[in-house]
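What follows is the content of start-v8.cif (mmCIF, C-alpha atoms and all ligand atoms).
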data_query
loop_
_atom_site.label_atom_id
_atom_site.label_comp_id
_atom_site.auth_asym_id
_atom_site.auth_seq_id
_atom_site.Cartn_x
_atom_site.Cartn_y
_atom_site.Cartn_z
CA MET K 1 -20.63 8.01 -9.62
CA CYS K 2 -20.86 11.31 -11.48
CA PRO K 3 -22.13 10.02 -14.84
CA VAL K 4 -25.19 8.68 -13.08
CA GLN K 5 -25.65 11.65 -10.81
CA CYS K 6 -25.25 14.21 -13.56
CA GLY K 7 -26.70 12.39 -16.52
CA CYS K 8 -29.61 10.43 -15.17
CA GLY K 9 -31.42 13.02 -13.13
CA PHE K 10 -30.48 11.75 -9.70
CA VAL K 11 -29.73 14.27 -7.03
CA VAL K 12 -26.40 15.86 -7.79
CA LEU K 13 -24.14 15.70 -4.77
CA THR K 14 -23.01 19.20 -3.99
CA ALA K 15 -19.55 17.80 -3.46
CA LEU K 16 -19.30 17.07 -7.18
CA ILE K 17 -18.89 19.70 -9.82
CA CYS K 18 -19.75 18.28 -13.18
CA LEU K 19 -18.08 19.80 -16.18
CA LEU K 20 -19.79 19.27 -19.49
CA VAL K 21 -17.49 19.00 -22.45
CA SER K 22 -18.74 19.97 -25.91
CA GLY K 23 -21.66 17.81 -26.93
CA ALA K 24 -24.25 16.26 -24.71
CA ASP K 25 -23.23 12.65 -25.20
CA SER K 26 -22.45 11.00 -21.88
CA GLN K 27 -19.27 9.51 -23.34
CA GLU K 28 -17.79 12.99 -23.72
CA ARG K 29 -18.18 14.07 -20.12
CA ALA K 30 -15.40 15.03 -17.75
CA TYR K 31 -16.10 15.68 -14.10
CA ARG K 32 -14.18 16.83 -11.06
CA THR K 33 -14.50 15.07 -7.70
CA ALA K 34 -14.63 16.75 -4.32
CA GLY K 35 -11.05 15.57 -3.88
CA GLY K 36 -10.01 17.59 -6.95
CA SER K 37 -9.43 14.84 -9.51
CA LEU K 38 -10.67 15.33 -13.07
CA LEU K 39 -12.15 12.05 -14.33
CA CYS K 40 -12.85 10.99 -17.92
CA PRO K 41 -14.15 7.84 -19.64
CA LEU K 42 -12.00 5.64 -21.87
CA VAL K 43 -11.73 6.90 -25.46
CA GLU K 44 -11.22 5.04 -28.73
CA ASP K 45 -9.90 8.06 -30.63
CA PHE K 46 -6.61 7.98 -32.47
CA TYR K 47 -3.69 9.71 -30.75
CA SER K 48 0.03 9.92 -31.38
CA TYR K 49 3.22 10.43 -29.38
CA LYS K 50 4.87 12.47 -32.14
CA ARG K 51 5.41 15.93 -30.71
CA SER K 52 4.92 17.67 -34.06
CA THR K 53 1.67 16.12 -35.26
CA SER K 54 -1.87 17.36 -34.75
CA TYR K 55 -2.60 14.16 -32.77
CA GLY K 56 0.47 14.66 -30.53
CA PRO K 57 0.63 15.06 -26.72
CA SER K 58 0.13 18.84 -26.69
CA ARG K 59 -3.24 18.33 -28.46
CA TRP K 60 -4.51 15.44 -26.34
CA GLY K 61 -6.77 17.87 -24.48
CA GLU K 62 -8.92 17.93 -27.63
CA ILE K 63 -9.33 14.13 -27.37
CA SER K 64 -10.04 14.12 -23.64
CA GLU K 65 -10.41 17.16 -21.39
CA CYS K 66 -8.66 15.34 -18.55
CA CYS K 67 -5.34 15.64 -20.43
CA GLN K 68 -5.38 19.33 -19.40
CA GLY K 69 -6.07 18.62 -15.73
CA GLN K 70 -4.06 19.72 -12.69
CA ARG K 71 -2.94 16.23 -11.53
CA GLN K 72 -1.38 14.95 -14.71
CA SER K 73 1.34 12.36 -15.06
CA PRO K 74 4.20 11.69 -15.66
CA ARG K 75 6.17 13.87 -13.25
CA ASP K 76 9.71 14.50 -12.17
CA LEU K 77 9.87 12.85 -8.74
CA ALA K 78 12.20 14.96 -6.63
CA SER K 79 13.49 13.31 -3.47
CA SER K 80 14.31 16.61 -1.84
CA SER K 81 11.54 19.08 -2.55
CA GLY K 82 7.83 18.52 -2.19
CA SER K 83 8.27 15.08 -0.69
CA LEU K 84 6.92 13.80 2.53
CA CYS K 85 9.76 11.60 3.65
CA GLY K 86 7.91 8.48 4.64
CA GLY K 87 10.78 6.69 6.29
CA GLY K 88 8.92 3.40 6.09
CA GLN K 89 5.42 4.57 6.93
CA HIS K 90 4.14 2.99 3.71
CA HIS K 91 4.76 -0.70 3.75
CA MET K 92 5.41 -2.74 0.68
CA PHE K 93 2.25 -3.72 -1.19
CA SER K 94 1.71 -7.39 -1.90
CA TYR K 95 0.07 -9.76 -4.38
CA ASN K 96 -1.97 -12.77 -3.35
CA SER K 97 -0.37 -14.98 -5.99
CA SER K 98 3.32 -15.65 -6.54
CA ARG K 99 3.02 -18.04 -9.47
CA ALA K 100 3.69 -17.32 -13.14
CA LEU K 101 0.56 -15.72 -14.61
CA PRO K 102 -0.67 -16.70 -18.08
CA GLY K 103 -1.24 -13.61 -20.19
CA LYS K 104 -1.79 -12.46 -23.76
CA LEU K 105 1.02 -10.49 -25.33
CA TYR K 106 0.08 -8.06 -28.10
CA ASN K 107 0.92 -4.67 -29.56
CA ASN K 108 -2.02 -2.27 -29.28
CA GLY K 109 -0.25 0.15 -31.62
CA HIS K 110 0.99 2.35 -28.81
CA ASP K 111 2.46 -0.09 -26.30
CA PRO K 112 3.59 -3.70 -26.25
CA THR K 113 1.16 -5.06 -23.67
CA ILE K 114 0.51 -8.22 -21.69
CA SER K 115 -3.11 -8.50 -20.60
CA PHE K 116 -4.34 -10.76 -17.80
CA HIS K 117 -7.82 -12.06 -17.21
CA GLY K 118 -10.23 -13.48 -14.69
CA SER K 119 -9.01 -16.16 -12.33
CA ASN K 120 -5.60 -16.14 -14.04
CA THR K 121 -4.49 -12.82 -12.59
CA ALA K 122 -3.16 -11.61 -9.24
CA TYR K 123 -4.73 -9.18 -6.76
CA LEU K 124 -2.71 -6.37 -5.22
CA PHE K 125 -3.26 -5.40 -1.59
CA ASN K 126 -1.97 -2.66 0.72
CA ALA K 127 -1.11 -0.03 -1.88
CA PRO K 128 -0.57 3.32 -0.09
CA HIS K 129 -3.71 5.41 0.57
CA THR K 130 -6.02 2.73 -0.84
CA ASN K 131 -8.56 0.27 0.54
CA GLY K 132 -9.34 -3.13 -0.81
CA ALA K 133 -7.98 -5.29 -3.59
CA TYR K 134 -6.80 -4.17 -7.04
CA ILE K 135 -6.76 -6.57 -9.98
CA LEU K 136 -3.68 -6.73 -12.20
CA ASP K 137 -5.12 -5.98 -15.66
CA ASN K 138 -2.09 -5.40 -17.88
CA ILE K 139 1.59 -4.65 -18.07
CA HIS K 140 2.99 -2.42 -20.81
CA ILE K 141 6.28 -0.68 -21.58
CA HIS K 142 7.18 2.92 -22.45
CA PHE K 143 10.42 3.74 -24.26
CA CYS K 144 12.01 6.15 -26.72
CA THR K 145 15.61 7.13 -27.38
CA ASN K 146 18.56 6.07 -25.28
CA ALA K 147 18.59 9.45 -23.50
CA LYS K 148 14.90 9.49 -22.54
CA GLY K 149 12.46 6.61 -22.68
CA SER K 150 10.89 6.58 -19.24
CA GLU K 151 7.87 8.77 -18.67
CA HIS K 152 8.63 9.70 -15.05
CA ALA K 153 11.99 11.13 -14.06
CA ILE K 154 13.67 10.67 -10.67
CA ASP K 155 15.49 13.80 -9.54
CA GLY K 156 15.56 14.97 -13.14
CA GLN K 157 17.01 11.68 -14.38
CA PHE K 158 15.24 9.75 -17.13
CA TYR K 159 15.84 6.07 -17.86
CA GLN K 160 15.67 4.19 -21.16
CA GLY K 161 12.23 2.76 -20.45
CA GLU K 162 9.46 2.41 -17.89
CA ILE K 163 7.21 -0.58 -17.24
CA HIS K 164 3.68 0.05 -16.00
CA LEU K 165 1.70 -2.56 -14.10
CA VAL K 166 -1.92 -1.42 -14.30
CA HIS K 167 -4.39 -2.53 -11.60
CA TYR K 168 -8.03 -1.56 -11.16
CA LYS K 169 -10.08 -1.68 -8.00
CA ALA K 170 -11.84 -5.04 -7.82
CA SER K 171 -15.03 -3.58 -6.38
CA TYR K 172 -15.57 -1.45 -9.54
CA GLY K 173 -15.80 -4.58 -11.68
CA THR K 174 -14.08 -3.38 -14.86
CA LEU K 175 -11.18 -1.17 -15.91
CA ALA K 176 -13.61 1.04 -17.85
CA LYS K 177 -15.62 1.77 -14.69
CA ALA K 178 -12.54 2.17 -12.53
CA VAL K 179 -10.96 4.91 -14.70
CA GLN K 180 -13.93 7.09 -13.78
CA GLN K 181 -13.29 6.77 -10.05
CA GLU K 182 -10.77 8.79 -8.05
CA ASP K 183 -9.38 5.62 -6.43
CA GLY K 184 -9.94 3.45 -9.49
CA LEU K 185 -6.40 2.55 -10.52
CA VAL K 186 -3.04 1.69 -8.99
CA VAL K 187 -0.14 1.79 -11.45
CA VAL K 188 3.25 0.46 -10.39
CA GLY K 189 6.16 1.88 -12.40
CA ILE K 190 9.58 0.28 -12.81
CA MET K 191 12.43 2.08 -14.56
CA LEU K 192 14.27 0.17 -17.28
CA GLN K 193 17.96 0.87 -17.55
CA SER K 194 20.16 -0.15 -20.47
CA ARG K 195 23.74 1.03 -20.53
CA ALA K 196 26.23 0.67 -23.32
CA GLY K 197 29.05 -1.62 -22.22
CA TYR K 198 27.27 -2.94 -19.13
CA ALA K 199 27.45 -6.72 -19.12
CA GLY K 200 26.32 -7.46 -15.57
CA ASP K 201 23.04 -8.71 -14.19
CA MET K 202 20.05 -8.31 -16.47
CA ASN K 203 16.49 -8.90 -15.34
CA GLN K 204 16.01 -12.31 -16.97
CA GLU K 205 12.23 -12.32 -16.66
CA LEU K 206 12.07 -9.07 -18.62
CA VAL K 207 14.66 -10.11 -21.16
CA LYS K 208 12.53 -13.20 -21.86
CA ILE K 209 9.34 -11.13 -22.23
CA ILE K 210 10.88 -8.45 -24.45
CA GLN K 211 12.44 -11.07 -26.73
CA ARG K 212 8.98 -12.59 -27.08
CA MET K 213 7.68 -9.11 -27.99
CA GLY K 214 10.09 -9.21 -30.91
CA ASN K 215 7.94 -12.03 -32.37
CA LEU K 216 4.86 -9.82 -32.64
CA GLU K 217 4.14 -9.48 -36.34
CA GLY K 218 1.54 -6.76 -36.29
CA THR K 219 -0.68 -4.59 -34.15
CA GLY K 220 -3.96 -5.78 -32.68
CA LYS K 221 -5.19 -8.87 -30.92
CA GLU K 222 -5.12 -11.02 -34.05
CA TYR K 223 -1.33 -11.17 -33.61
CA GLN K 224 -1.37 -11.92 -29.89
CA LEU K 225 0.93 -14.53 -28.36
CA PRO K 226 0.53 -16.51 -25.13
CA VAL K 227 3.08 -15.69 -22.44
CA GLN K 228 3.82 -16.61 -18.82
CA LEU K 229 5.02 -13.89 -16.48
CA ASN K 230 6.05 -14.01 -12.84
CA VAL K 231 5.38 -10.46 -11.68
CA ALA K 232 7.56 -10.63 -8.57
CA ARG K 233 10.57 -11.40 -10.75
CA ILE K 234 10.44 -8.13 -12.66
CA PHE K 235 10.67 -6.01 -9.50
CA PRO K 236 13.96 -4.42 -8.46
CA LYS K 237 15.68 -5.69 -5.30
CA SER K 238 14.99 -2.58 -3.26
CA THR K 239 11.41 -1.90 -2.17
CA ASN K 240 12.01 1.86 -1.96
CA PHE K 241 9.32 3.74 -3.85
CA TYR K 242 7.72 7.12 -4.52
CA THR K 243 3.96 7.49 -4.45
CA TYR K 244 1.55 10.24 -5.51
CA GLU K 245 -1.93 10.83 -6.89
CA GLY K 246 -1.88 11.40 -10.66
CA SER K 247 -3.31 10.37 -13.99
CA MET K 248 -3.14 7.88 -16.82
CA THR K 249 -0.27 8.95 -19.11
CA SER K 250 -2.28 8.51 -22.33
CA PRO K 251 -5.80 9.56 -23.32
CA PRO K 252 -8.21 9.77 -21.59
CA CYS K 253 -5.59 10.94 -18.98
CA SER K 254 -8.16 10.33 -16.25
CA GLU K 255 -6.94 11.46 -12.81
CA SER K 256 -7.77 8.13 -11.25
CA VAL K 257 -4.27 6.77 -10.57
CA ARG K 258 -2.41 6.09 -7.34
CA TRP K 259 1.16 5.91 -8.64
CA ILE K 260 3.87 3.77 -7.05
CA ILE K 261 7.27 4.22 -8.74
CA PHE K 262 10.25 2.14 -7.67
CA ARG K 263 13.38 4.16 -7.03
CA GLU K 264 15.79 1.46 -8.22
CA PRO K 265 15.80 0.58 -11.95
CA VAL K 266 16.09 -2.92 -13.45
CA ASN K 267 18.56 -3.68 -16.25
CA VAL K 268 18.03 -4.96 -19.76
CA SER K 269 20.52 -4.86 -22.64
CA SER K 270 20.40 -2.42 -25.52
CA ALA K 271 19.41 -5.34 -27.79
CA GLU K 272 16.10 -5.57 -25.89
CA MET K 273 15.54 -1.81 -26.11
CA ASP K 274 16.09 -2.05 -29.88
CA ILE K 275 13.44 -4.78 -30.14
CA LEU K 276 10.94 -2.42 -28.52
CA ARG K 277 11.82 0.53 -30.74
CA ARG K 278 11.36 -1.56 -33.89
CA LEU K 279 7.81 -2.67 -33.08
CA PRO K 280 5.14 -1.73 -35.63
CA ASN K 281 3.04 1.33 -34.89
CA GLU K 282 -0.50 2.32 -35.78
CA ASP K 283 0.70 5.90 -36.27
CA ARG K 284 -0.54 7.05 -39.67
CA SER K 285 2.84 8.41 -40.68
CA SER K 286 5.12 5.59 -39.63
CA THR K 287 5.46 1.83 -39.43
CA VAL K 288 7.93 1.87 -36.55
CA GLN K 289 7.06 2.52 -32.92
CA SER K 290 10.32 4.07 -31.64
CA CYS K 291 8.71 6.31 -28.96
CA ASN K 292 5.65 6.14 -26.69
CA ASP K 293 6.56 8.50 -23.87
CA ARG K 294 4.41 11.44 -22.79
CA PRO K 295 6.40 14.59 -21.86
CA LEU K 296 6.63 15.58 -18.18
CA GLN K 297 3.60 17.32 -16.69
CA THR K 298 3.39 19.76 -13.81
CA GLY K 299 1.08 18.03 -11.35
CA HIS K 300 0.74 19.60 -7.93
CA THR K 301 -0.15 16.65 -5.72
CA ARG K 302 2.28 15.67 -2.98
CA VAL K 303 4.96 13.10 -3.69
CA GLU K 304 5.69 10.77 -0.77
CA THR K 305 8.40 8.19 -0.26
CA ASN K 306 8.55 5.00 1.79
CA PHE K 307 12.21 5.55 2.56
CA ALA K 308 13.97 8.07 4.76
CA CYS K 309 14.96 11.21 2.92
CA SER K 310 18.30 11.39 4.73
CA SER K 311 19.34 8.33 2.71
CA VAL K 312 18.45 9.95 -0.60
CA THR K 313 21.13 10.05 -3.22
CA ASN K 314 20.57 9.93 -6.92
CA MET K 315 20.65 6.23 -7.82
CA ALA K 316 21.70 6.95 -11.38
CA ALA K 317 24.99 8.69 -10.84
CA GLU K 318 26.32 8.93 -14.36
CA GLU K 319 24.95 9.98 -17.70
CA ILE K 320 24.90 7.44 -20.50
C1 LIG K 401 -6.78 -13.41 -4.65
O1 LIG K 401 -7.85 -12.66 -4.07
C2 LIG K 401 -9.05 -12.66 -4.84
C3 LIG K 401 -10.02 -11.70 -4.19
O2 LIG K 401 -10.10 -11.90 -2.84
C4 LIG K 401 -9.58 -14.09 -4.97
O3 LIG K 401 -10.75 -14.10 -5.77
C5 LIG K 401 -8.51 -14.96 -5.61
O4 LIG K 401 -8.94 -16.31 -5.67
C6 LIG K 401 -7.21 -14.89 -4.82
N1 LIG K 401 -6.18 -15.63 -5.51
C7 LIG K 401 -5.38 -16.50 -4.87
C8 LIG K 401 -4.39 -17.21 -5.70
O5 LIG K 401 -5.46 -16.68 -3.66
C1 LIG K 402 22.17 -2.50 -13.20
O1 LIG K 402 23.29 -1.96 -13.83
C2 LIG K 402 24.09 -1.11 -13.02
C3 LIG K 402 25.22 -0.55 -13.86
O2 LIG K 402 24.74 0.23 -14.89
C4 LIG K 402 24.60 -1.88 -11.82
O3 LIG K 402 25.33 -1.02 -10.97
C5 LIG K 402 23.42 -2.48 -11.05
O4 LIG K 402 23.87 -3.27 -9.98
C6 LIG K 402 22.55 -3.33 -11.97
N1 LIG K 402 21.35 -3.72 -11.26
C7 LIG K 402 21.03 -4.99 -11.03
C8 LIG K 402 19.76 -5.22 -10.31
O5 LIG K 402 21.71 -5.92 -11.39
#
Show me, as structure tokens, the structure contained in the file I just sent.
Amino acid sequence: MCPVQCGCGFVVLTALICLLVSGADSQERAYRTAGGSLLCPLVEDFYSYKRSTSYGPSRWGEISECCQGQRQSPRDLASSSGSLCGGGQHHMFSYNSSRALPGKLYNNGHDPTISFHGSNTAYLFNAPHTNGAYILDNIHIHFCTNAKGSEHAIDGQFYQGEIHLVHYKASYGTLAKAVQQEDGLVVVGIMLQSRAGYAGDMNQELVKIIQRMGNLEGTGKEYQLPVQLNVARIFPKSTNFYTYEGSMTSPPCSESVRWIIFREPVNVSSAEMDILRRLPNEDRSSTVQSCNDRPLQTGHTRVETNFACSSVTNMAAEEI
């Protein structure tokens, strides 16, 4: 949309304000849509999650201008303030395949990731405020210490981890094209809870996947492992969710994401969380992953729910 209109001499739609970042190369361009989203292309540049380094989250704006936008993620999702209490007006989204999907498990240096391809993936339909089908591209996990590992918070409460299911709009053809569109991505977030002493129901599909992640011997696709994942089995029982318009939580931080975050967490044991934290990292100063969570941002888009606000209580009652 904008790269063509701004860069190739076509008529610039007055609805689009194109911001030129330093340098004239088209790969370095950020642009704001009429709807207010700041969009940026995928970047290859090195970045880190370490707060103290020069590649850390507070400096990501130097890697991609979008990281300083006004609709950035993650956010603290408050049930009480700023929410439109949907009370069921957004129905549950659905996939058109319920079978186990064959994927490739690998560690890209930032996240343990399962990528899906071609006819072997599922299409998501009926995500709130979207039209058309979205292709499941990858699933990855964010984590850090026991006190905070999730990226989003729910009523100020963090969880030990957060799974992201990344989908791009089928009509855009590729993930790279979709990140430069305001309605390009739908990311479904599921909170991971691990509590010391809890020996009840674990999410077995996730336990299986995370244990397989423990077999990854290095970063990059040369260490990838085949895996089978049934997406429906990693979802929590309750279909209650929050939804808002935000961004990717790592560079390029493009504001192309319709977020759907489940309110109820799923459980894994602390042994699985430890497997994640021990994964190798491409960080120049460390060989251990330990953390890949972006700090909370102050986005100003409206958070909606698909459940009645009168029923809102904080699901996570106690501290760890
Ligand atoms: C899901 O929908 C897509 C797009 O309409 C289609 O290409 C694909 O074959 C469907 N998959 C299944 C299992 O029905
Ligand atoms: C997850 O663990 C909590 C206790 O920490 C428990 O109350 C809850 O029922 C568990 N969830 C599932 C889906 O088993």
Just give me the gap between CA of Cys291 in chain K and CA of Thr53 in chain K in Å, one decimal is fine.
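A separation of 13.6 Å between them.
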Give me, as a PDB file with C-alpha atoms, keeping the file's coordinate frame, all polymer residues having an atom no more than 7 Å from Pro236 in chain K, counting only C-alpha atoms and skipping those fewer than 4 positions away in the same chain.
ATOM      1  CA  GLU K 264      15.790   1.460  -8.220  1.00  0.00           C
ATOM      2  CA  PRO K 265      15.800   0.580 -11.950  1.00  0.00           C
ATOM      3  CA  VAL K 266      16.090  -2.920 -13.450  1.00  0.00           C
TER       4      VAL K 266
END
Surroundings of ligand LIG 401 (chain K) up to 12 Å, based on all atoms listed in the file, as number ranges by chain:
K: 94-101, 117-125, 132-136, 169-171, 173
Return the single residue from K:Pro57, K:Pro280, K:Gly197, K:Gly103 that is closest to ligand LIG 402 (chain K), with distances computed using all atoms listed in the file.
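Checking each of K:Pro57, K:Pro280, K:Gly197, K:Gly103 against ligand LIG 402 (chain K), counting all atoms listed in the file, the winner is K:Gly197.
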I want to know what sits within 9 Å of range 104-106 of chain K, based on only C-alpha atoms, with residues of the same chain fewer than 2 positions away left out; could you give that as a ChimeraX atom specification?
/K:102,108-109,111-117,209,212-213,216,218-228
What is the CA of Pro74 in chain K to CA of Leu276 in chain K distance in Å?
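Taking CA of Pro74 in chain K as the start and CA of Leu276 in chain K as the end point, the length is 20.2 Å.
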How would you report the residues lying within 12 Å of ligand LIG 402 (chain K), as a PyMOL selection string, if you count only C-alpha atoms and all ligand atoms?
chain K and resi 159-160+190-204+206+233-238+263-270+315-320
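In this structure, CA of Arg32 in chain K sits 17.2 Å away from CA of Ile63 in chain K.
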Listed atoms of range 91-99 of chain K boxed along x, y and z, 8 Å each side, centre and edge lengths in Å, one decimal, as AutoDock Vina command-line options:
--center_x 1.7 --center_y -9.4 --center_z -2.9 --size_x 23.4 --size_y 33.3 --size_z 29.2
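Proximity ranking of K:Gln211, K:Asn131, K:Asn281, K:Thr243 relative to Val303 in chain K places K:Thr243 first, based on all atoms listed in the file.
Closest approach to Ser64 in chain K among K:Ala147, K:Leu165, K:Met248, K:Ile139: K:Met248, based on only C-alpha atoms.
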Shortest interatomic distance to Asp155 in chain K - which of K:Phe143, K:Trp259, K:Phe93, K:Tyr242, counting all atoms listed in the file:
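Using all atoms listed in the file, Asp155 in chain K sits closest to K:Tyr242.
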Restricting the calculation to all atoms listed in the file, which member of K:Cys144, K:Ala153, K:Val257, K:Val186 is positioned closest to Asp274 in chain K?
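Distance minimum relative to Asp274 in chain K lands on K:Cys144.
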